[in-house]
Structures are given as C-alpha cells and as structure tokens.
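Visitor: protein33.cif is the file, holding mmCIF, C-alpha atoms:
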data_final
loop_
_atom_site.label_atom_id
_atom_site.label_comp_id
_atom_site.auth_asym_id
_atom_site.auth_seq_id
_atom_site.Cartn_x
_atom_site.Cartn_y
_atom_site.Cartn_z
CA MET A 1049 134.95 154.17 119.53
CA VAL A 1050 131.22 154.01 118.90
CA ASP A 1051 129.82 150.59 118.09
CA ASP A 1052 128.30 150.16 114.64
CA PRO A 1053 124.53 149.83 115.25
CA GLY A 1054 124.48 147.18 112.54
CA ASP A 1055 126.82 144.89 114.44
CA GLY A 1056 124.03 143.39 116.52
CA PHE A 1057 121.95 142.57 113.46
CA ARG A 1058 124.90 141.08 111.60
CA GLY A 1059 125.56 138.87 114.59
CA HIS A 1060 122.12 137.34 114.15
CA VAL A 1061 122.42 136.79 110.40
CA PRO A 1062 123.63 133.15 110.64
CA PHE A 1063 120.70 132.31 112.92
CA ILE A 1064 118.18 134.05 110.65
CA VAL A 1065 119.53 132.28 107.56
CA SER A 1066 119.44 128.95 109.35
CA SER A 1067 115.84 129.56 110.45
CA ILE A 1068 114.74 130.46 106.93
CA ARG A 1069 116.33 127.29 105.59
CA THR A 1070 114.57 125.26 108.28
CA LEU A 1071 111.22 126.81 107.40
CA GLY A 1072 111.92 126.09 103.76
CA ARG A 1073 112.24 122.42 104.53
CA HIS A 1074 108.72 122.54 105.92
CA ALA A 1075 107.20 124.70 103.24
CA VAL A 1076 106.69 122.21 100.44
CA PRO A 1077 104.84 120.07 99.85
CA VAL A 1078 102.03 121.07 102.19
CA LEU A 1079 99.33 118.57 101.28
CA ALA A 1080 96.49 118.42 103.77
CA ARG A 1081 93.27 116.62 103.12
CA SER A 1082 92.13 117.47 106.64
CA ALA A 1083 91.71 121.08 105.51
CA CYS A 1084 89.02 120.15 102.99
CA ARG A 1085 85.65 118.57 103.73
CA THR A 1086 84.86 117.74 100.11
CA PRO A 1087 86.16 114.66 98.27
CA LEU A 1088 89.46 115.11 96.45
CA ARG A 1089 88.75 113.74 93.01
CA GLY A 1090 91.48 113.04 90.50
CA LYS A 1091 94.94 111.66 91.12
CA VAL A 1092 97.63 113.83 92.70
CA PRO A 1093 101.22 113.25 91.48
CA GLY A 1094 103.32 111.38 94.02
CA LEU A 1095 100.35 110.51 96.21
CA ILE A 1096 97.85 107.70 96.52
CA ASN A 1097 94.54 109.46 96.99
CA GLN A 1098 92.44 107.78 94.31
CA LEU A 1099 92.85 104.41 92.63
CA SER A 1100 92.05 103.10 89.18
CA ALA A 1101 89.89 100.26 90.54
CA THR A 1102 86.59 99.84 88.73
CA ASP A 1103 84.68 97.74 91.26
CA ALA A 1104 86.13 98.50 94.69
CA VAL A 1105 87.08 101.17 97.22
CA ALA A 1106 90.02 101.18 99.61
CA LEU A 1107 89.18 101.42 103.30
CA THR A 1108 91.78 102.84 105.68
CA PHE A 1109 91.92 103.42 109.43
CA ASP A 1110 94.30 105.77 111.26
CA ASP A 1111 95.65 106.20 114.82
CA GLY A 1112 95.47 102.62 116.11
CA PRO A 1113 95.66 100.01 117.28
CA GLY A 1114 92.73 101.15 119.37
CA GLN A 1115 90.97 99.69 122.37
CA ARG A 1116 88.08 98.45 120.23
CA LEU A 1117 90.13 96.77 117.54
CA ASP A 1118 88.31 93.46 117.99
CA GLY A 1119 85.01 95.12 117.13
CA PHE A 1120 86.40 96.66 113.97
CA LEU A 1121 87.94 93.38 112.86
CA ALA A 1122 84.68 91.54 113.51
CA ALA A 1123 82.65 94.06 111.50
CA LEU A 1124 85.06 93.83 108.58
CA ASP A 1125 85.04 90.05 108.72
CA SER A 1126 81.23 89.96 108.67
CA ALA A 1127 81.21 92.08 105.53
CA GLY A 1128 84.03 90.18 103.81
CA ALA A 1129 86.03 93.42 103.73
CA THR A 1130 89.74 94.06 104.08
CA ALA A 1131 91.39 97.34 105.06
CA THR A 1132 94.68 99.13 105.60
CA PHE A 1133 95.42 100.18 109.18
CA PHE A 1134 97.87 103.07 109.55
CA LEU A 1135 99.33 102.39 112.98
CA VAL A 1136 101.06 104.71 115.44
CA GLY A 1137 104.32 103.34 116.81
CA GLU A 1138 103.78 104.26 120.44
CA GLN A 1139 100.44 102.43 120.41
CA VAL A 1140 102.04 99.37 118.84
CA ALA A 1141 104.78 99.45 121.47
CA ARG A 1142 102.05 99.46 124.14
CA ASP A 1143 100.75 96.09 122.88
CA PRO A 1144 102.62 94.64 119.87
CA GLY A 1145 100.29 91.67 119.67
CA ARG A 1146 97.45 93.89 118.51
CA ALA A 1147 99.34 94.89 115.37
CA ALA A 1148 100.08 91.25 114.61
CA GLU A 1149 96.39 90.48 115.09
CA ILE A 1150 95.50 92.89 112.27
CA VAL A 1151 97.78 91.06 109.86
CA ARG A 1152 96.53 87.63 110.95
CA ALA A 1153 92.99 88.78 110.18
CA GLY A 1154 94.02 89.41 106.57
CA HIS A 1155 94.43 93.17 106.70
CA GLU A 1156 97.31 95.45 105.78
CA VAL A 1157 99.43 97.65 108.04
CA GLY A 1158 100.84 101.05 107.12
CA VAL A 1159 102.88 103.56 109.14
CA HIS A 1160 101.39 106.69 110.73
CA GLY A 1161 104.40 107.89 112.70
CA TYR A 1162 105.61 107.03 116.17
CA GLN A 1163 104.15 109.88 118.25
CA HIS A 1164 101.51 111.30 115.88
CA LEU A 1165 103.53 114.48 115.38
CA ALA A 1166 102.28 117.34 113.21
CA HIS A 1167 105.12 117.61 110.70
CA LEU A 1168 105.05 121.38 110.29
CA ARG A 1169 105.33 121.97 114.06
CA HIS A 1170 108.58 120.06 114.62
CA TRP A 1171 112.12 120.20 113.32
CA PRO A 1172 112.83 118.04 110.25
CA VAL A 1173 115.39 115.92 112.12
CA ASP A 1174 112.77 115.05 114.74
CA ILE A 1175 110.18 114.11 112.12
CA VAL A 1176 112.63 111.85 110.30
CA ALA A 1177 113.63 110.17 113.56
CA ASP A 1178 109.96 109.65 114.41
CA MET A 1179 109.30 108.01 111.04
CA GLN A 1180 112.29 105.70 111.34
CA ARG A 1181 111.43 104.71 114.89
CA ALA A 1182 107.86 103.96 113.87
CA ARG A 1183 108.97 101.69 111.08
CA ALA A 1184 111.27 99.70 113.35
CA VAL A 1185 108.61 99.14 116.03
CA ILE A 1186 105.75 98.35 113.66
CA GLU A 1187 107.67 95.98 111.40
CA GLU A 1188 109.07 94.11 114.38
CA ALA A 1189 105.53 93.64 115.67
CA ILE A 1190 104.00 92.41 112.41
CA GLY A 1191 107.02 90.49 111.14
CA GLN A 1192 106.95 91.94 107.64
CA PRO A 1193 107.90 95.14 105.79
CA THR A 1194 105.54 98.09 105.50
CA ARG A 1195 104.63 99.63 102.17
CA PHE A 1196 102.62 102.79 102.89
CA TYR A 1197 103.08 105.91 104.96
CA ARG A 1198 100.43 108.48 105.90
CA PRO A 1199 101.45 111.54 107.94
CA PRO A 1200 99.39 112.63 110.93
CA HIS A 1201 96.70 115.11 109.86
CA GLY A 1202 97.48 114.25 106.24
CA LEU A 1203 100.22 116.88 106.21
CA PHE A 1204 103.72 116.37 104.81
CA CYS A 1205 106.73 118.63 105.14
CA LEU A 1206 109.58 118.43 102.68
CA ALA A 1207 111.67 116.35 105.08
CA SER A 1208 108.96 113.72 105.55
CA TRP A 1209 108.24 113.67 101.82
CA ARG A 1210 111.88 112.91 101.10
CA GLU A 1211 112.14 110.40 103.94
CA CYS A 1212 109.28 108.43 102.42
CA ASP A 1213 111.31 108.17 99.23
CA ARG A 1214 114.38 107.03 101.16
CA GLN A 1215 112.36 104.41 103.02
CA GLY A 1216 110.69 103.19 99.84
CA TRP A 1217 107.23 104.02 101.18
CA GLN A 1218 104.31 104.98 98.99
CA LYS A 1219 102.63 108.16 100.24
CA ALA A 1220 98.95 107.62 100.98
CA LEU A 1221 96.25 110.19 101.63
CA TRP A 1222 92.55 109.79 100.85
CA THR A 1223 89.57 110.80 98.74
CA ARG A 1224 86.82 110.88 101.36
CA ALA A 1225 87.07 111.49 105.11
CA ALA A 1226 84.30 110.82 107.63
CA TRP A 1227 85.49 113.49 110.10
CA ASP A 1228 84.85 110.88 112.75
CA TRP A 1229 87.49 112.35 115.09
CA GLU A 1230 85.32 115.37 115.94
CA ALA A 1231 83.45 115.59 119.25
CA THR A 1232 80.26 116.49 117.39
CA ALA A 1233 80.36 113.46 115.07
CA THR A 1234 77.57 110.91 115.33
CA PRO A 1235 77.23 107.47 113.74
CA ARG A 1236 74.79 109.03 111.25
CA SER A 1237 77.06 111.95 110.35
CA ILE A 1238 80.01 109.60 109.93
CA ALA A 1239 78.11 107.34 107.54
CA ASP A 1240 76.68 110.32 105.66
CA ARG A 1241 80.08 111.96 105.16
CA ILE A 1242 81.33 108.80 103.49
CA GLY A 1243 78.05 108.62 101.60
CA THR A 1244 78.08 106.34 98.57
CA PRO A 1245 81.70 106.26 97.39
CA LEU A 1246 82.78 105.89 93.80
CA ALA A 1247 85.02 103.09 92.55
CA GLY A 1248 88.64 103.88 93.32
CA ASP A 1249 87.94 106.12 96.29
CA VAL A 1250 90.19 105.89 99.35
CA LEU A 1251 88.16 106.22 102.55
CA LEU A 1252 89.53 107.59 105.82
CA LEU A 1253 88.24 106.44 109.22
CA HIS A 1254 89.80 106.06 112.68
CA ASP A 1255 89.77 102.94 114.81
CA ALA A 1256 91.12 104.69 117.92
CA ASP A 1257 90.49 107.84 119.95
CA TRP A 1258 94.04 108.32 121.28
CA TYR A 1259 94.43 111.61 119.39
CA SER A 1260 90.82 112.69 118.87
CA ALA A 1261 87.62 113.28 120.80
CA ALA A 1262 87.02 110.76 123.58
CA GLY A 1263 84.73 107.98 122.44
CA SER A 1264 85.03 108.88 118.77
CA ASP A 1265 86.06 105.33 117.96
CA VAL A 1266 82.81 104.03 119.50
CA ARG A 1267 80.80 106.17 117.11
CA THR A 1268 82.90 105.07 114.14
CA LEU A 1269 82.40 101.44 115.04
CA GLU A 1270 78.64 101.98 115.28
CA ALA A 1271 78.63 103.62 111.85
CA LEU A 1272 80.81 101.00 110.15
CA PRO A 1273 78.14 98.34 109.36
CA GLU A 1274 75.91 100.89 107.64
CA MET A 1275 78.82 102.25 105.63
CA LEU A 1276 79.79 98.78 104.51
CA ASP A 1277 76.19 97.99 103.58
CA ARG A 1278 75.94 101.15 101.46
CA ILE A 1279 79.14 100.32 99.64
CA ALA A 1280 77.97 96.77 98.96
CA ALA A 1281 74.60 98.06 97.73
CA ALA A 1282 76.50 100.19 95.22
CA GLY A 1283 78.08 97.01 93.83
CA LEU A 1284 81.54 97.80 95.23
CA ARG A 1285 83.97 95.67 97.19
CA VAL A 1286 85.97 96.97 100.18
CA ARG A 1287 89.68 96.22 99.99
CA SER A 1288 93.08 97.33 101.29
CA LEU A 1289 95.26 99.77 99.40
CA GLY A 1290 97.88 97.20 98.49
CA SER A 1291 95.44 94.65 97.14
CA LEU A 1292 93.87 97.21 94.80
CA LEU A 1293 97.19 98.62 93.64
CA ASP A 1294 98.45 95.11 92.90
#
Would you give me this structure, written as structure tokens?
Guide:
Amino acid sequence: MVDDPGDGFRGHVPFIVSSIRTLGRHAVPVLARSACRTPLRGKVPGLINQLSATDAVALTFDDGPGQRLDGFLAALDSAGATATFFLVGEQVARDPGRAAEIVRAGHEVGVHGYQHLAHLRHWPVDIVADMQRARAVIEEAIGQPTRFYRPPHGLFCLASWRECDRQGWQKALWTRAAWDWEATATPRSIADRIGTPLAGDVLLLHDADWYSAAGSDVRTLEALPEMLDRIAAAGLRVRSLGSLLD
C-alpha cells in the first residue's frame, strides 16, 4: 500500500492551526509609539496618550529604578515637579527600597513588566505571567496598588491588552518621546526632541540604562533641568499621570 502523500501534511494541521491562533493573539492591537518620531496628537481609544489638562503636562520615566534615581528625584524636587515612574520588576526586586523612595518623594509608580519583554516576541502565557509577577513585586515594594501599565517598547499584544483589563490597569503610552535611549542621543538632542510641549502632552523619558545604550540615563539627567525650565517658561506645570487624570 502506497502512503497518501497528503498524510504528512495532515499530521501537521493541528500544529499549524495552533500556531496561527497564537499569532492571532499577538496581532492586535499593535500600538507602538517607538515606531514614530513625531508627536501623537489626539486621543487614542483605550489608551492614555494625551490628557485634557489645560495647564500641565504629564512626565513619565521608564525602565527604572536606575542607578541615578537620586539625581532624578532631586531635579524634580527643585522644579516642584511630580512624575510617574514605570518600573521594571526585576530592578525593583534588586533593591525594593528604591521603589518605595519614589513614592515617599511624592511621585507615582506604574508597571513596566518584570523582565522588559517585547510582547510580540514571546508567547502570550509568558507575557501574562510577566505582568502578574511584576505587579506582585512592585506593589509589595511600594505598599500600595498600581494604576497604570506601559508595555516595553510601547507595544501591546492582544494578550497583554486583555490582561490590563483583567488587572484593572489603565494603559498608558505617550505623546512625545525624547529618544534618550539611543547611543547617539545627547543632552541637547534629548531636550530638543521634547521641545516645548503642549498642555495635556504625556512625555516619555528613561531614568535607567538597563535596557538601552550605556550611560543614556546620564545624558537624560543632564537634559532634565533644561526641559523642566522650558516647560515652566511655557506656563505649564509638570505632574504625574494620576494627578492630572484625577
């Protein structure tokens, strides 16, 4: 009896179907601000990327807590500014007291994952586990619930989008990014990319270089006073996401 040449293909059908379904879970929504260097103006349904504030901007930092956290907190304090820090769980686990220090200084903490995983490069079950683990570690460190989630690279998959809903998190992206994670960034280029924001803008910076070019956080810290001065000169306050939404 001659084997049906289609038998081998049919044997792989369950695997192929399963793979397509898995890819489908990653396909939507694909929402990446990191793919665009121009400000995203206008509100996006289901996301916090621009606020209705008339006299303030929201300042956010990703990837920390970093090694130069004290410098960032001091610069913000000098300017009377508050911010939202999207923390990475493995960095919080390294030194939980640093996360608590952010809250004691009057700032807000959001969740940025546990291992800074790119959502479209991992299985949905692993992304969900990463998000849940991050929440547990970060909330234990700061002693209060978290309200906001921002995915690494600003990129959701369908699984992480749905997990945010299950966790009760608000999904936060941004309006303007400084591209301060790049090796070619300078304090001047960082300040110039932020420019003079408009009321309601959400600004993205990084207070750590764990996942970006070495020393990038030094350049961001050097640029921060000038950025804050420009914002103040425009008659705008600098606040955390939660304070402006409330």
Visitor: Determine, using all atoms listed in the file, which residues of segment 1248-1270 of chain A have any atom at most 10 Å from an atom of segment 1276-1292 of chain A, and tabulate each with its shortest atom pair and distance in Å to one decimal place, rows ordered by chain and then rising number, as a tab-separated table.
Guide:
residue	atom	partner	partner_atom	distance
A:Gly1248	CA	A:Leu1292	CA	8.6
A:Val1250	CA	A:Leu1289	CA	7.9
A:Leu1251	CA	A:Val1286	CA	9.8
Visitor: Carefully work through the PyMOL selection byres ((chain A and resi 1167) around 8) for this structure and note down the residues it includes, as a ChimeraX atom specification.
Guide: /A:1074,1165-1166,1168-1172,1175,1199-1200,1203-1205,1208
Visitor: Rank A:Lys1219, A:Leu1121, A:Asp1265, A:Ile1238 by their smallest atom-to-atom distance to Pro1093 of chain A, using all atoms listed in the file, and report the top residue only.
Guide: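 Checking each of A:Lys1219, A:Leu1121, A:Asp1265, A:Ile1238 against Pro1093 of chain A, counting all atoms listed in the file, the winner is A:Lys1219.
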Visitor: Dig up all the protein and nucleic acid residues within 12 Å of (99.4, 90.4, 117.5) in the file frame, using all atoms listed in the file, and format them as a ChimeraX atom specification.
Guide: /A:1113,1117-1118,1140-1153,1157,1186-1191
Visitor: Mind giving me the straight-line distance from atom CA of Ala1207 of chain A to atom CA of Glu1138 of chain A in Å, one decimal?
Guide: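 It comes out at 21.1 Å.
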Visitor: Hey, what's within 10 Å of Met1275 of chain A if we count only C-alpha atoms and toss same-chain stuff fewer than 2 positions away? As a CSV table (one decimal) with C-alpha atoms, in the frame of the given file, please?
Guide:
chain,number,residue,atom,x,y,z
A,1235,PRO,CA,77.2,107.5,113.7
A,1236,ARG,CA,74.8,109.0,111.2
A,1238,ILE,CA,80.0,109.6,109.9
A,1239,ALA,CA,78.1,107.3,107.5
A,1240,ASP,CA,76.7,110.3,105.7
A,1241,ARG,CA,80.1,112.0,105.2
A,1242,ILE,CA,81.3,108.8,103.5
A,1243,GLY,CA,78.0,108.6,101.6
A,1244,THR,CA,78.1,106.3,98.6
A,1245,PRO,CA,81.7,106.3,97.4
A,1268,THR,CA,82.9,105.1,114.1
A,1270,GLU,CA,78.6,102.0,115.3
A,1271,ALA,CA,78.6,103.6,111.8
A,1272,LEU,CA,80.8,101.0,110.2
A,1273,PRO,CA,78.1,98.3,109.4
A,1277,ASP,CA,76.2,98.0,103.6
A,1278,ARG,CA,75.9,101.2,101.5
A,1279,ILE,CA,79.1,100.3,99.6
A,1280,ALA,CA,78.0,96.8,99.0
A,1281,ALA,CA,74.6,98.1,97.7
Visitor: Nearest residue to His1164 of chain A out of A:Trp1258, A:Gln1215, A:Gln1098, A:Val1105, using only C-alpha atoms?
Guide: A:Trp1258
Visitor: Between atom CA of Leu1095 of chain A and atom CA of Leu1221 of chain A, what is the distance, to one decimal in Å?
Guide: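 These two atoms are separated by 6.8 Å.
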Visitor: Tell me, as a PyMOL selection string, which residues lie within 7 Å of Tyr1197 of chain A, counting only C-alpha atoms; anything in the same chain fewer than 6 positions away does not count.
Guide: chain A and resi 1158-1160+1217-1220
Visitor: Between A:Leu1107, A:His1155, A:Glu1230, A:Asp1213, which one has atoms that come closest to Asp1257 of chain A, using only C-alpha atoms?
Guide: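 Closest candidate: A:Glu1230.
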Visitor: Considering only C-alpha atoms, can you say which of A:Asp1228, A:Asp1255, A:Glu1211, A:Glu1156 comes closest to Phe1109 of chain A?
Guide: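 The shortest atom-to-atom distance to Phe1109 of chain A comes from A:Asp1255.
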Visitor: Would you mind writing segment 1271-1283 of chain A with N, CA, C and O atoms, as a PDB file, keeping the file's coordinate frame?
Guide:
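Saved to result-v4.pdb:
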ATOM      1  N   ALA A1271      78.965 103.209 113.218  1.00  0.00           N
ATOM      2  CA  ALA A1271      78.630 103.620 111.850  1.00  0.00           C
ATOM      3  C   ALA A1271      79.135 102.632 110.798  1.00  0.00           C
ATOM      4  O   ALA A1271      78.619 102.605 109.677  1.00  0.00           O
ATOM      5  N   LEU A1272      80.138 101.832 111.145  1.00  0.00           N
ATOM      6  CA  LEU A1272      80.810 101.000 110.150  1.00  0.00           C
ATOM      7  C   LEU A1272      79.879 100.020 109.423  1.00  0.00           C
ATOM      8  O   LEU A1272      79.940  99.931 108.185  1.00  0.00           O
ATOM      9  N   PRO A1273      79.006  99.272 110.101  1.00  0.00           N
ATOM     10  CA  PRO A1273      78.140  98.340 109.360  1.00  0.00           C
ATOM     11  C   PRO A1273      77.286  99.037 108.299  1.00  0.00           C
ATOM     12  O   PRO A1273      77.131  98.516 107.183  1.00  0.00           O
ATOM     13  N   GLU A1274      76.733 100.184 108.630  1.00  0.00           N
ATOM     14  CA  GLU A1274      75.910 100.890 107.640  1.00  0.00           C
ATOM     15  C   GLU A1274      76.752 101.347 106.455  1.00  0.00           C
ATOM     16  O   GLU A1274      76.316 101.252 105.304  1.00  0.00           O
ATOM     17  N   MET A1275      77.938 101.843 106.726  1.00  0.00           N
ATOM     18  CA  MET A1275      78.820 102.250 105.630  1.00  0.00           C
ATOM     19  C   MET A1275      79.141 101.078 104.714  1.00  0.00           C
ATOM     20  O   MET A1275      79.093 101.203 103.482  1.00  0.00           O
ATOM     21  N   LEU A1276      79.451  99.954 105.305  1.00  0.00           N
ATOM     22  CA  LEU A1276      79.790  98.780 104.510  1.00  0.00           C
ATOM     23  C   LEU A1276      78.578  98.297 103.708  1.00  0.00           C
ATOM     24  O   LEU A1276      78.727  97.870 102.555  1.00  0.00           O
ATOM     25  N   ASP A1277      77.403  98.383 104.303  1.00  0.00           N
ATOM     26  CA  ASP A1277      76.190  97.990 103.580  1.00  0.00           C
ATOM     27  C   ASP A1277      75.942  98.907 102.385  1.00  0.00           C
ATOM     28  O   ASP A1277      75.550  98.448 101.301  1.00  0.00           O
ATOM     29  N   ARG A1278      76.138 100.203 102.558  1.00  0.00           N
ATOM     30  CA  ARG A1278      75.940 101.150 101.460  1.00  0.00           C
ATOM     31  C   ARG A1278      76.901 100.874 100.313  1.00  0.00           C
ATOM     32  O   ARG A1278      76.529 100.938  99.137  1.00  0.00           O
ATOM     33  N   ILE A1279      78.132 100.590 100.669  1.00  0.00           N
ATOM     34  CA  ILE A1279      79.140 100.320  99.640  1.00  0.00           C
ATOM     35  C   ILE A1279      78.776  99.043  98.872  1.00  0.00           C
ATOM     36  O   ILE A1279      78.863  98.996  97.641  1.00  0.00           O
ATOM     37  N   ALA A1280      78.367  98.018  99.607  1.00  0.00           N
ATOM     38  CA  ALA A1280      77.970  96.770  98.960  1.00  0.00           C
ATOM     39  C   ALA A1280      76.750  96.979  98.069  1.00  0.00           C
ATOM     40  O   ALA A1280      76.665  96.418  96.959  1.00  0.00           O
ATOM     41  N   ALA A1281      75.800  97.794  98.533  1.00  0.00           N
ATOM     42  CA  ALA A1281      74.600  98.060  97.730  1.00  0.00           C
ATOM     43  C   ALA A1281      74.937  98.788  96.439  1.00  0.00           C
ATOM     44  O   ALA A1281      74.201  98.675  95.447  1.00  0.00           O
ATOM     45  N   ALA A1282      76.046  99.499  96.430  1.00  0.00           N
ATOM     46  CA  ALA A1282      76.500 100.190  95.220  1.00  0.00           C
ATOM     47  C   ALA A1282      77.270  99.263  94.288  1.00  0.00           C
ATOM     48  O   ALA A1282      77.760  99.704  93.246  1.00  0.00           O
ATOM     49  N   GLY A1283      77.384  97.985  94.665  1.00  0.00           N
ATOM     50  CA  GLY A1283      78.080  97.010  93.830  1.00  0.00           C
ATOM     51  C   GLY A1283      79.589  97.084  93.938  1.00  0.00           C
ATOM     52  O   GLY A1283      80.305  96.626  93.039  1.00  0.00           O
TER      53      GLY A1283
END
